[in-house]
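Scroll down for the structure; my scribbles are underneath it.
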Amino acid sequence: MNRLGQSHIVAIGGGSFVLTERHGCMRPSALMRYVLDLTGQDRPKLCVLPTAAGDNPDWLVKIYDALRPWDVEVSHLTLFPMPNVDDIRALLLEQDAIYVTGGSVANLMALWRLHGIDEILREAWEAGIVLSGQSAGALCWHVGGSTDSFGPKLRPWAEGLGLLPYSCGVHYDSDPQRRALMHQSVSSGELPVGYAADEGVALHYVGTEFIQAVTVDPRGYAYRVDRDDSGEVKEFKVEPRLLTP
C-alpha cells in the first residue's frame with residue numbers, strides 16, 4: 001500500500017487509456033502513471049474493477065495488454081456470473097492501487113453494495129491504497145454527479161460511496177449536457193458543491209481535500225462548482241498541471 005501514510009483518490013474525467021491506430025489497441029496515458037507513482041512502489045500491485053462495464057472481458061484483455069510493458073502486477077475483480085475470487089476483501093486489501101473502469105455507475109454501486117465491496121473500498125482507502133478510475137470510476141468515490149446510467153438523457157445521481165463529500169463532473173468538455181445539469185443540481189441542492197474535469201484531466205484528493213488537477217491535454221481544465229446562500233452557482237476554473245508523456 002501507499003508508503004506515505006496518506007489516502008489518495010484520483011478521479012479521472014476521461015483519458016486513462018488512449019486508443020492507438022494499430023488494430024484499436026490501447027496504451028495507458030500519463031494519468032495512469034500518475035496513479036501508480038502515488039503508491040511509492042517500484043512494482044505496484046494494481047487491481048482493475050470493470051463492474052461498471054458489466055465485467056466486459058474484451059476491456060479486461062485490452063487493459064492487461066496495455067499495461068503489459070509497464071512494471072506493474074495487474075489483477076482484476078469480476079462479479080459476473082459470480083466473484084472470480086473466494087475472498088474479495090483479501091484481494092482488494094493486498095493491492096497498492098485500485099482502478100475502476102467507466103460504464104454504469106448506478107449498476108456498479110448496486111452490485112458493490114450487494115457484495116459488500118463498498119465497505120471494503122472504504123477500508124482500502126483508510127489503509128492508504130490509492131483509489132482511482134475514469135468516468136463512473138471517478139463518480140463513485142464522490143456523493144454523486146450526473147449519469148447516463150438510466151438512459152441517454154443525463155440525470156443527477158447521489159448514491160455514491162461518499163468518501164469525498166462533493167459532487168463530481170466528468171467528460172465536462174465533451175458532453176454538452178454535463179455542465180448545465182451539474183449547475184442546476186448544485187443550485188437546487190440535489191447535489192453538493194464539487195469539482196469537474198475535462199477529458200484528459202484528473203482530480204487528485206488527499207484524504208477529503210482536493211489538492212490539484214493534472215492533465216495529459218494542454219487544453220483541458222478542472223473546475224470548482226460552488227453555491228452561495230441564495231442558490232446561485234459560481235464556477236471557478238482550476239489550472240491543471242501538465243503531465244509529460
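Going through the C-alpha cells in order, the chains are called A, B, and so on, while each chain numbers its residues from 1 and the ligands are numbered from 1 in the order shown.
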
> Which residues in region 149-224 of chain A does DSSP call helix (DSSP H, G or I)? List them as an MDAnalysis selection string.
Replying inline: chainID A and resid 176:188

Excluding same-chain residues fewer than 4 positions from region 161-172 of chain A, what lies within 8 Å of it counting only C-alpha atoms, as a JSON list (two decimals) with N, CA and C atoms, in the first residue's frame?
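Final file, out03.json:
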[["chain", "number", "residue", "atom", "x", "y", "z"],
["A", 12, "ILE", "N", -10.64, 10.55, -12.62],
["A", 12, "ILE", "CA", -10.24, 10.93, -13.98],
["A", 12, "ILE", "C", -11.48, 11.20, -14.83],
["A", 13, "GLY", "N", -11.54, 12.41, -15.40],
["A", 13, "GLY", "CA", -12.69, 12.77, -16.22],
["A", 13, "GLY", "C", -12.75, 11.99, -17.52],
["A", 14, "GLY", "N", -11.62, 11.56, -18.01],
["A", 14, "GLY", "CA", -11.51, 10.78, -19.24],
["A", 14, "GLY", "C", -10.05, 10.74, -19.66],
["A", 109, "MET", "N", -22.69, 0.64, -8.30],
["A", 109, "MET", "CA", -22.91, 0.81, -6.86],
["A", 109, "MET", "C", -23.89, -0.23, -6.32],
["A", 118, "ASP", "N", -18.50, -1.94, -1.16],
["A", 118, "ASP", "CA", -18.48, -0.54, -0.72],
["A", 118, "ASP", "C", -17.73, -0.39, 0.60],
["A", 122, "ARG", "N", -13.88, 1.41, 1.35],
["A", 122, "ARG", "CA", -13.63, 2.42, 2.39],
["A", 122, "ARG", "C", -12.45, 1.98, 3.26],
["A", 135, "SER", "N", -14.55, 8.25, -15.34],
["A", 135, "SER", "CA", -15.98, 8.38, -15.60],
["A", 135, "SER", "C", -16.76, 7.78, -14.42],
["A", 138, "ALA", "N", -14.74, 7.50, -11.56],
["A", 138, "ALA", "CA", -14.43, 8.75, -10.85],
["A", 138, "ALA", "C", -15.62, 9.19, -10.00],
["A", 139, "LEU", "N", -16.82, 9.08, -10.57],
["A", 139, "LEU", "CA", -18.03, 9.47, -9.84],
["A", 139, "LEU", "C", -18.22, 8.69, -8.55],
["A", 140, "CYS", "N", -17.89, 7.41, -8.58],
["A", 140, "CYS", "CA", -18.25, 6.51, -7.48],
["A", 140, "CYS", "C", -17.67, 6.92, -6.13],
["A", 141, "TRP", "N", -16.53, 7.60, -6.12],
["A", 141, "TRP", "CA", -15.90, 7.96, -4.84],
["A", 141, "TRP", "C", -16.58, 9.16, -4.19],
["A", 142, "HIS", "N", -17.35, 9.91, -4.97],
["A", 142, "HIS", "CA", -18.00, 11.14, -4.51],
["A", 142, "HIS", "C", -19.41, 10.85, -4.00],
["A", 143, "VAL", "N", -20.10, 11.90, -3.58],
["A", 143, "VAL", "CA", -21.51, 11.78, -3.23],
["A", 143, "VAL", "C", -22.31, 11.43, -4.47],
["A", 144, "GLY", "N", -21.96, 12.03, -5.61],
["A", 144, "GLY", "CA", -22.67, 11.73, -6.85],
["A", 144, "GLY", "C", -22.27, 12.68, -7.95],
["A", 145, "GLY", "N", -23.11, 12.72, -8.98],
["A", 145, "GLY", "CA", -22.86, 13.56, -10.14],
["A", 145, "GLY", "C", -23.97, 13.31, -11.15],
["A", 146, "SER", "N", -23.70, 13.58, -12.40],
["A", 146, "SER", "CA", -24.68, 13.28, -13.45],
["A", 146, "SER", "C", -24.27, 11.99, -14.15],
["A", 176, "PRO", "N", -22.28, 18.18, -23.90],
["A", 176, "PRO", "CA", -22.90, 19.48, -23.60],
["A", 176, "PRO", "C", -23.95, 19.44, -22.50],
["A", 178, "ARG", "N", -23.55, 18.09, -19.56],
["A", 178, "ARG", "CA", -23.00, 17.89, -18.21],
["A", 178, "ARG", "C", -22.87, 19.17, -17.40],
["A", 179, "ARG", "N", -22.33, 20.24, -18.00],
["A", 179, "ARG", "CA", -22.14, 21.47, -17.24],
["A", 179, "ARG", "C", -23.48, 22.03, -16.76],
["A", 182, "MET", "N", -25.00, 19.88, -13.97],
["A", 182, "MET", "CA", -24.28, 19.99, -12.70],
["A", 182, "MET", "C", -24.61, 21.31, -12.02],
["A", 191, "LEU", "N", -27.42, 18.01, -5.45],
["A", 191, "LEU", "CA", -26.03, 17.58, -5.33],
["A", 191, "LEU", "C", -25.26, 18.64, -4.54],
["A", 192, "PRO", "N", -24.25, 18.21, -3.78],
["A", 192, "PRO", "CA", -23.42, 19.20, -3.08],
["A", 192, "PRO", "C", -22.47, 19.91, -4.04],
["A", 193, "VAL", "N", -21.83, 20.96, -3.55],
["A", 193, "VAL", "CA", -20.80, 21.61, -4.35],
["A", 193, "VAL", "C", -19.73, 20.58, -4.68],
["A", 194, "GLY", "N", -18.96, 20.86, -5.72],
["A", 194, "GLY", "CA", -17.99, 19.84, -6.10],
["A", 194, "GLY", "C", -17.00, 20.30, -7.13],
["A", 195, "TYR", "N", -16.44, 19.30, -7.84],
["A", 195, "TYR", "CA", -15.39, 19.52, -8.82],
["A", 195, "TYR", "C", -15.74, 18.79, -10.12],
["A", 196, "ALA", "N", -15.21, 19.30, -11.22],
["A", 196, "ALA", "CA", -15.44, 18.68, -12.52],
["A", 196, "ALA", "C", -14.12, 18.63, -13.29],
["A", 197, "ALA", "N", -14.06, 17.72, -14.26],
["A", 197, "ALA", "CA", -12.83, 17.53, -15.03],
["A", 197, "ALA", "C", -13.16, 17.32, -16.50],
["A", 198, "ASP", "N", -12.39, 18.01, -17.35],
["A", 198, "ASP", "CA", -12.49, 17.79, -18.79],
["A", 198, "ASP", "C", -11.87, 16.45, -19.16],
["A", 199, "GLU", "N", -11.99, 16.09, -20.44],
["A", 199, "GLU", "CA", -11.31, 14.91, -20.94],
["A", 199, "GLU", "C", -9.80, 15.07, -20.75],
["A", 208, "THR", "N", -9.88, 13.97, 2.18],
["A", 208, "THR", "CA", -11.05, 14.55, 1.50],
["A", 208, "THR", "C", -10.73, 15.92, 0.91]]

>> Can you pull out the residues contacting Gly102 (chain A)? Cut-off 10 Å, using only C-alpha atoms, and skip same-chain residues under 2 positions away; I want them as a ChimeraX atom specification.
In response: /A:12-14,49-54,99-100,104-105,108,133-139

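The two atoms in question, CA of Ala110 (chain A) and CA of Thr78 (chain A), are spaced 14.1 Å apart.
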
> Hey, what's within 6 Å of region 60-71 of chain A if we count only C-alpha atoms and toss same-chain stuff fewer than 5 positions away? As a ChimeraX atom specification, please?
Replying inline: /A:26-27,43

Those residues you just picked out, can you put them in a file as a PDB file, in the first residue's frame with N, CA and C atoms?
ATOM      1  N   MET A  26      -4.957  -0.245 -27.039  1.00  0.00           N
ATOM      2  CA  MET A  26      -4.911   0.842 -26.077  1.00  0.00           C
ATOM      3  C   MET A  26      -3.514   0.942 -25.476  1.00  0.00           C
ATOM      4  N   ARG A  27      -3.170   2.143 -25.073  1.00  0.00           N
ATOM      5  CA  ARG A  27      -1.967   2.337 -24.278  1.00  0.00           C
ATOM      6  C   ARG A  27      -2.344   3.194 -23.082  1.00  0.00           C
ATOM      7  N   ARG A  43       7.256  -1.807  -8.151  1.00  0.00           N
ATOM      8  CA  ARG A  43       6.375  -2.684  -8.937  1.00  0.00           C
ATOM      9  C   ARG A  43       5.038  -2.768  -8.206  1.00  0.00           C
TER      10      ARG A  43
END

>> Under the rule that only C-alpha atoms are counted, which of A:Val10, A:Ile117, A:Leu77, A:Ala213 is the nearest residue to Val238 (chain A)?
In response: A:Ala213

> Could you name the residues that touch Tyr34 (chain A) at 12 Å or less, counting only C-alpha atoms, but leaving out those on the same chain fewer than 4 positions away, as a ChimeraX atom specification?
Replying inline: /A:8-12,16,28-30,38-40,97,130-132,201-204,213-216,241-245

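Between CA of Gln6 (chain A) and CA of Tyr205 (chain A) there is a distance of 10.1 Å.
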
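Compared by their closest atoms to Lys153 (chain A), and using only C-alpha atoms, the residues A:Asp86, A:Lys45, A:Asp175, A:Ile120 rank with A:Asp175 nearest.
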
>> Please identify the strand (DSSP E or B) residues within chain A (assignment by DSSP from backbone atoms) and present them as a PyMOL selection string.
In response: chain A and resi 8-12+17-19+26-28+45-49+73-76+97-100+130-134+144-147+155-157+167-169+194-197+201-206+209-215+222-227+233-238+241-242

Can you write just those residues out, C-alpha atoms, as a compact mmCIF listing (two decimals), in the first residue's frame?
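Heads up, here's the output in part.txt:
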# COMPACT_ATOMS: atom_id res chain seq x y z
CA HIS A 8 -5.28 9.24 -2.24
CA ILE A 9 -8.13 9.31 -4.76
CA VAL A 10 -7.51 10.18 -8.40
CA ALA A 11 -10.80 10.81 -10.22
CA ILE A 12 -10.24 10.93 -13.98
CA PHE A 17 -6.13 4.93 -21.73
CA VAL A 18 -5.61 6.10 -25.30
CA LEU A 19 -6.68 4.16 -28.39
CA MET A 26 -4.91 0.84 -26.08
CA ARG A 27 -1.97 2.34 -24.28
CA PRO A 28 -2.05 3.79 -20.78
CA LYS A 45 0.02 -4.15 -7.42
CA LEU A 46 -2.98 -2.84 -9.35
CA CYS A 47 -6.45 -4.37 -9.27
CA VAL A 48 -8.89 -3.47 -12.06
CA LEU A 49 -12.63 -3.42 -11.31
CA GLU A 73 1.42 -6.51 -11.21
CA VAL A 74 -2.14 -6.48 -12.56
CA SER A 75 -5.11 -8.42 -11.22
CA HIS A 76 -8.86 -7.95 -11.52
CA ALA A 97 -3.80 0.77 -6.20
CA ILE A 98 -7.32 0.05 -7.42
CA TYR A 99 -8.67 1.24 -10.78
CA VAL A 100 -12.39 1.33 -11.67
CA VAL A 130 -4.64 4.53 -3.96
CA LEU A 131 -8.17 4.61 -5.41
CA SER A 132 -8.73 5.72 -8.99
CA GLY A 133 -10.94 5.41 -12.01
CA GLN A 134 -12.43 7.10 -15.05
CA GLY A 144 -22.67 11.73 -6.85
CA GLY A 145 -22.86 13.56 -10.14
CA SER A 146 -24.68 13.28 -13.45
CA THR A 147 -25.01 9.91 -15.16
CA ARG A 155 -29.85 12.50 -14.65
CA PRO A 156 -28.44 13.69 -11.32
CA TRP A 157 -27.42 10.81 -9.08
CA SER A 167 -20.30 16.16 -6.44
CA CYS A 168 -18.22 15.24 -9.47
CA GLY A 169 -18.48 16.18 -13.12
CA GLY A 194 -17.99 19.84 -6.10
CA TYR A 195 -15.39 19.52 -8.82
CA ALA A 196 -15.44 18.68 -12.52
CA ALA A 197 -12.83 17.53 -15.03
CA VAL A 201 -7.90 15.73 -16.70
CA ALA A 202 -7.84 14.10 -13.26
CA LEU A 203 -8.82 15.40 -9.82
CA HIS A 204 -6.39 14.43 -7.07
CA TYR A 205 -7.58 14.31 -3.46
CA VAL A 206 -5.55 13.59 -0.33
CA GLU A 209 -9.07 17.61 0.38
CA PHE A 210 -8.73 18.48 -3.30
CA ILE A 211 -5.06 19.28 -3.77
CA GLN A 212 -4.55 19.61 -7.52
CA ALA A 213 -5.64 18.69 -11.02
CA VAL A 214 -3.35 17.03 -13.54
CA THR A 215 -3.81 16.67 -17.27
CA ALA A 222 -10.69 21.24 -13.91
CA TYR A 223 -13.42 23.29 -12.23
CA ARG A 224 -14.71 24.07 -8.76
CA VAL A 225 -18.51 24.40 -8.71
CA ASP A 226 -19.77 26.37 -5.69
CA ARG A 227 -23.16 27.62 -4.49
CA VAL A 233 -23.82 28.70 -8.73
CA LYS A 234 -20.34 30.00 -9.37
CA GLU A 235 -17.83 28.02 -11.42
CA PHE A 236 -14.10 28.58 -10.98
CA LYS A 237 -11.55 27.26 -13.47
CA VAL A 238 -8.65 25.28 -11.98
CA ARG A 241 -0.51 20.53 -14.02
CA LEU A 242 0.50 19.14 -17.39
